[in-house]
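Just below is one structure, and these are the notes that go with it.
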Amino acid sequence: MVAQTRRMMPPMEYVRLLDESAGLDGVIAIHSTERGPAAGGCRLWSYADAGEAMADAFRLAEGMSYKNAMARLPFGGGKAVLRRPAGDFDRRALFEAFGRAVARLDGRYVTAEDVGTGIADMECVARQTRHVAGRTAMPGLAGGDPSPWTALGVFEAMKQAVELRYGGTLSGLTVAVLGVGNVGAELARLAAGAGARLVIADIDPLRCARLAGETGAHIVATDAIAGIDAQVFAPCALGGALDEATVATLQARIVCGAANNQLASPCMAQALTARGIDYAPDYVVNAGGIINVAAEYLGESADQVRGRVLEIGPRTREILEVARRGGLAPSLVADRMAERLMMRRESLPA
Ligand code: NAD
């Protein structure tokens with residue numbers, strides 16, 4: 001089995017962030033700026049050491065280059081990773097210090113929220129720099145919670161994958177959703193609205209019960225959902241859902257979900273193809289959130305966000321068709337497409 005590897009593009013640039021008085025210890029990684037400023041969220045997480053934080057930042061920044069290019073956004077890829085200070089800490093001081101570091105890059109990097117950070121943190125960053133999104137939404141403009149946009153993009157991709165595979169709509173098909181948080185629950189509602197039967201699983205029984213009450217979904221255990229008789233499997237929890245055991249037991253012939261980094265290892269892409277399963281690449285289908293964040297930064301409207309999110313469906317279909325014709329893994333097709341797009345400069349709207 002051949003592992004699919006990404007071509008590392010330019011050498012990774014990074015800025016080490018250290019400000020002891022503010023509790024700031026982290027890194028801003030810039031993977032590509034050909035299409036425009038490097039854009040990607042700011043993660044606050046507990047890392048064993050600085051090396052682990054840097055490795056995560058580099059991996060995530062590379063992922064953002066692929067996602068932003070594939071979504072045709074006028075941005076390159078970057079990411080900030082901050083080490084969570086032990087014990088109590090002054091969040092405002094930390095994020096203002098981070099904001100000053102972003103300001104020093106003078107627009108080469110645009111930040112937003114990510115795992116461990118939120119709107120209030122980005123408001124602190126915004127006191128120091130304008131190169132930040134993920135702030136309080138302004139009426140009529142893009143911004144606010146990105147989850148509904150992410151869910152819509154995944155739904156549009158799912159409809160196209162279903163049409164290509166089964167020649168029809170979601171009506172009467174079974175969709176298995178693993179993880180019914182912000183995105184998974186909204187995706188489940190959209191699928192139910194299109195006539196799909198739902199099977200759901202989550203480690204949080206309350207979330208399952210609430211959604212089942214709303215949609216009539218059938219609840220199963222998290223370790224049973226991949227093996228149930230369904231046409232579509234939608235991983236919407238954490239990364240790594242598609243490991244060897246899951247791929248071997250999957251009944252669905254389509255995988256299309258919101259979670260980042262669904263493939264537990266690159267060779268799982270080939271394993272899915274070998275089993276005749278269409279895998280809609282995660283970063284292609286879950287770009288709705290970053291599309292919303294990018295539009296907020298550019299001062300665009302919610303209508304412009306909708307237009308870009310609706311393009312995710314046909315884009316996914318094209319990737320699945322090319323993969324099918326060439327007997328290739330769709331993630332490989334997507335990576336090569338994104339690498340070509342990454343090298344193309346896009347101009348920011350005036
Ligand atoms: P969330 O925290 O609201 O929901 C995640 C859900 O997964 C929760 O209900 C949680 O209980 C459940 N979960 C966690 N571990 C689980 C496990 N082992 N088995 C089953 N369920 C488990 O997060 P979200 O915002 O809905 O994001 C879901 C996924 O989509 C994440 O991987 C995220 O990185 C990705 N994503 C989200 C967005 C967005 O706009 N929110 C954008 C792009 C990608």
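Identifiers for the structure tokens are assigned positionally: chains receive A, B, ... in sequence, residues are indexed from 1 per chain, and ligands are indexed from 1 in the order shown.
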Quick one: which chain A residues come within 6 Å of ligand 1, and what is the nearest atom pair for each with the distance in Å to one decimal, counting only C-alpha atoms and all ligand atoms, rows ordered by chain and ascending number, as a Markdown table?
```
| residue | atom | partner | partner_atom_place_in_ligand_line | distance |
| --- | --- | --- | --- | --- |
| A:Pro146 | CA | ligand 1 | 40 (O) | 4.4 |
| A:Ser147 | CA | ligand 1 | 40 (O) | 3.6 |
| A:Thr150 | CA | ligand 1 | 40 (O) | 4.9 |
| A:Leu178 | CA | ligand 1 | 20 (C) | 5.6 |
| A:Gly179 | CA | ligand 1 | 7 (O) | 3.8 |
| A:Val180 | CA | ligand 1 | 9 (O) | 4.7 |
| A:Gly181 | CA | ligand 1 | 4 (O) | 3.2 |
| A:Asn182 | CA | ligand 1 | 26 (O) | 3.7 |
| A:Val183 | CA | ligand 1 | 26 (O) | 3.7 |
| A:Gly184 | CA | ligand 1 | 26 (O) | 5.5 |
| A:Asp202 | CA | ligand 1 | 21 (N) | 3.7 |
| A:Ile203 | CA | ligand 1 | 21 (N) | 4.6 |
| A:Asp204 | CA | ligand 1 | 11 (O) | 4.7 |
| A:Thr222 | CA | ligand 1 | 20 (C) | 5.4 |
| A:Cys236 | CA | ligand 1 | 29 (C) | 4.7 |
| A:Ala237 | CA | ligand 1 | 7 (O) | 3.6 |
| A:Leu238 | CA | ligand 1 | 32 (O) | 4.1 |
| A:Gly239 | CA | ligand 1 | 32 (O) | 5.5 |
| A:Ala258 | CA | ligand 1 | 30 (O) | 4.4 |
| A:Ala259 | CA | ligand 1 | 32 (O) | 3.3 |
| A:Asn260 | CA | ligand 1 | 32 (O) | 4.6 |
| A:Asn286 | CA | ligand 1 | 43 (C) | 4.9 |
| A:Gly289 | CA | ligand 1 | 40 (O) | 4.3 |
```
Q: Write down as a PyMOL selection string the residues belonging to stretch 98-341 of chain A that are assigned strand (DSSP E or B) by DSSP computed on the backbone.
A: chain A and resi 109-111+113+132+141+174-178+197-201+218-219+232-235+242+254-255+263+278-279+301
(Q) So the first atom is atom CA of A:Gly167 and the second is atom CA of A:Ala323; what is the distance between them in Å, to one decimal place? (A) 17.5 Å
Q | Nearest candidate to A:Glu163 (options A:Val232, A:Leu250, A:Ala48, A:Ala71; using only C-alpha atoms) | A | A:Val232
Just the residues within 6 Å of A:Leu82, please, counting only C-alpha atoms, with nothing from its chain fewer than 3 positions along; format it as an mmCIF file with N, CA and C atoms, in the first residue's frame.
```
data_model
loop_
_atom_site.group_PDB
_atom_site.id
_atom_site.type_symbol
_atom_site.label_atom_id
_atom_site.label_comp_id
_atom_site.auth_asym_id
_atom_site.auth_seq_id
_atom_site.Cartn_x
_atom_site.Cartn_y
_atom_site.Cartn_z
ATOM 1 N N ASP A 25 3.880 32.059 25.221
ATOM 2 C CA ASP A 25 4.918 31.124 24.783
ATOM 3 C C ASP A 25 4.314 30.337 23.627
ATOM 4 N N GLY A 26 4.774 30.606 22.421
ATOM 5 C CA GLY A 26 4.160 29.918 21.284
ATOM 6 C C GLY A 26 4.876 30.216 19.994
ATOM 7 N N LEU A 44 -4.920 27.459 21.492
ATOM 8 C CA LEU A 44 -4.347 27.512 22.848
ATOM 9 C C LEU A 44 -4.504 26.125 23.446
#
```
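The space between atom CA of A:Ile319 and atom CA of A:Cys267 spans 18.2 Å.
Nearest residue to A:Ser46, choosing from A:Pro314, A:Gly77, A:Gly87, A:Pro266 and counting only C-alpha atoms: A:Gly87.
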Considering only C-alpha atoms, return as a short mmCIF file (atom, residue, chain, number, x, y, z; two decimals) with N, CA, C and O atoms, in the first residue's frame whatever protein or nucleic-acid residues lie within 8 Å of A:Cys256, sequence-local ones (same chain, fewer than 3 positions apart) excluded.
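Output contents, as saved in part-v9.cif:
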```cif
data_model
loop_
_atom_site.label_atom_id
_atom_site.label_comp_id
_atom_site.auth_asym_id
_atom_site.auth_seq_id
_atom_site.Cartn_x
_atom_site.Cartn_y
_atom_site.Cartn_z
N VAL A 154 -20.69 20.90 4.12
CA VAL A 154 -20.61 19.43 4.17
C VAL A 154 -21.88 18.83 3.55
O VAL A 154 -21.82 17.86 2.79
N ALA A 157 -21.74 19.03 -0.20
CA ALA A 157 -20.81 18.00 -0.70
C ALA A 157 -21.47 16.62 -0.63
O ALA A 157 -21.34 15.81 -1.57
N MET A 158 -22.17 16.36 0.45
CA MET A 158 -22.82 15.05 0.64
C MET A 158 -23.86 14.79 -0.45
O MET A 158 -23.95 13.69 -1.02
N VAL A 232 -24.23 6.69 4.02
CA VAL A 232 -23.25 7.77 4.23
C VAL A 232 -22.77 7.76 5.69
O VAL A 232 -23.59 7.65 6.60
N PHE A 233 -21.47 7.89 5.86
CA PHE A 233 -20.89 8.02 7.20
C PHE A 233 -20.30 9.42 7.30
O PHE A 233 -19.50 9.82 6.45
N ALA A 234 -20.71 10.17 8.33
CA ALA A 234 -20.27 11.57 8.48
C ALA A 234 -19.50 11.73 9.80
O ALA A 234 -20.12 11.93 10.85
N PRO A 235 -18.17 11.67 9.75
CA PRO A 235 -17.40 11.89 10.98
C PRO A 235 -17.39 13.39 11.33
O PRO A 235 -16.86 14.20 10.57
N TYR A 279 -14.41 8.76 -0.46
CA TYR A 279 -14.08 9.63 0.66
C TYR A 279 -14.02 11.08 0.18
O TYR A 279 -13.15 11.43 -0.63
N ALA A 280 -14.94 11.88 0.65
CA ALA A 280 -14.94 13.31 0.31
C ALA A 280 -13.93 13.99 1.24
O ALA A 280 -14.16 14.05 2.45
N PRO A 281 -12.80 14.49 0.69
CA PRO A 281 -11.71 14.96 1.56
C PRO A 281 -12.18 16.03 2.56
O PRO A 281 -12.86 16.98 2.20
N ASP A 282 -11.76 15.82 3.81
CA ASP A 282 -12.25 16.68 4.91
C ASP A 282 -12.05 18.16 4.66
O ASP A 282 -12.97 18.96 4.80
N VAL A 285 -14.53 19.69 2.11
CA VAL A 285 -15.95 19.82 2.45
C VAL A 285 -16.19 20.69 3.69
O VAL A 285 -17.28 21.23 3.85
#
```
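With only C-alpha atoms as the basis for measurement, A:Tyr66 is the residue among A:Gly118, A:Glu186, A:Tyr66, A:Gln251 that approaches A:Leu332 most closely.
The smallest atom-to-atom distance between A:Arg135 and any of A:Arg315, A:Glu321, A:Ala112, A:Trp149, using only C-alpha atoms, is found for A:Ala112.
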Q: Using only C-alpha atoms, determine which residues lie at most 8 Å from A:Arg43, disregarding the query and same-chain residues fewer than 4 positions distant; provide the list as a PyMOL selection string.
A: chain A and resi 79-82+113-117
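Each of A:Ala120, A:Met138, A:Val333, A:Val15 was compared to A:Arg91 using only C-alpha atoms, and A:Ala120 turns out to be the nearest.
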Q.
Need to verify the contact set: A:Leu328, 12 Å, only C-alpha atoms, exclusion of same-chain residues closer than 2 positions in sequence. Can you return it as an NGL selection string?
A. :A and (2 or 4 or 269-274 or 276-279 or 319-326 or 330-336)
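Going from atom CA of A:Gly78 over to atom CA of A:Ser21, you cover 25.5 Å.
Candidate residues A:Tyr283, A:Tyr109, A:Tyr166, A:Tyr14 were compared for distance to A:Phe75, and the nearest is A:Tyr109, using only C-alpha atoms.
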Q: Assign secondary structure with DSSP using the backbone only, and return the residues of stretch 31-137 of chain A in helix (DSSP H, G or I) as a VMD selection string.
A: chain A and resid 50 to 70 91 to 104 119 to 126
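The neighbours of A:Leu141 here are the residues that come within 12 Å of it, using only C-alpha atoms and leaving out any residue fewer than 3 positions away in the same chain; they are Arg135, Thr136, Ala137, Met138, Gly144, Asn292, Val293, Ala294, Ala295, Glu296, Tyr297, Leu298, Gly299, Glu300, Ser301, Ala302, Asp303, Gln304, Val305 and Arg306 of chain A.
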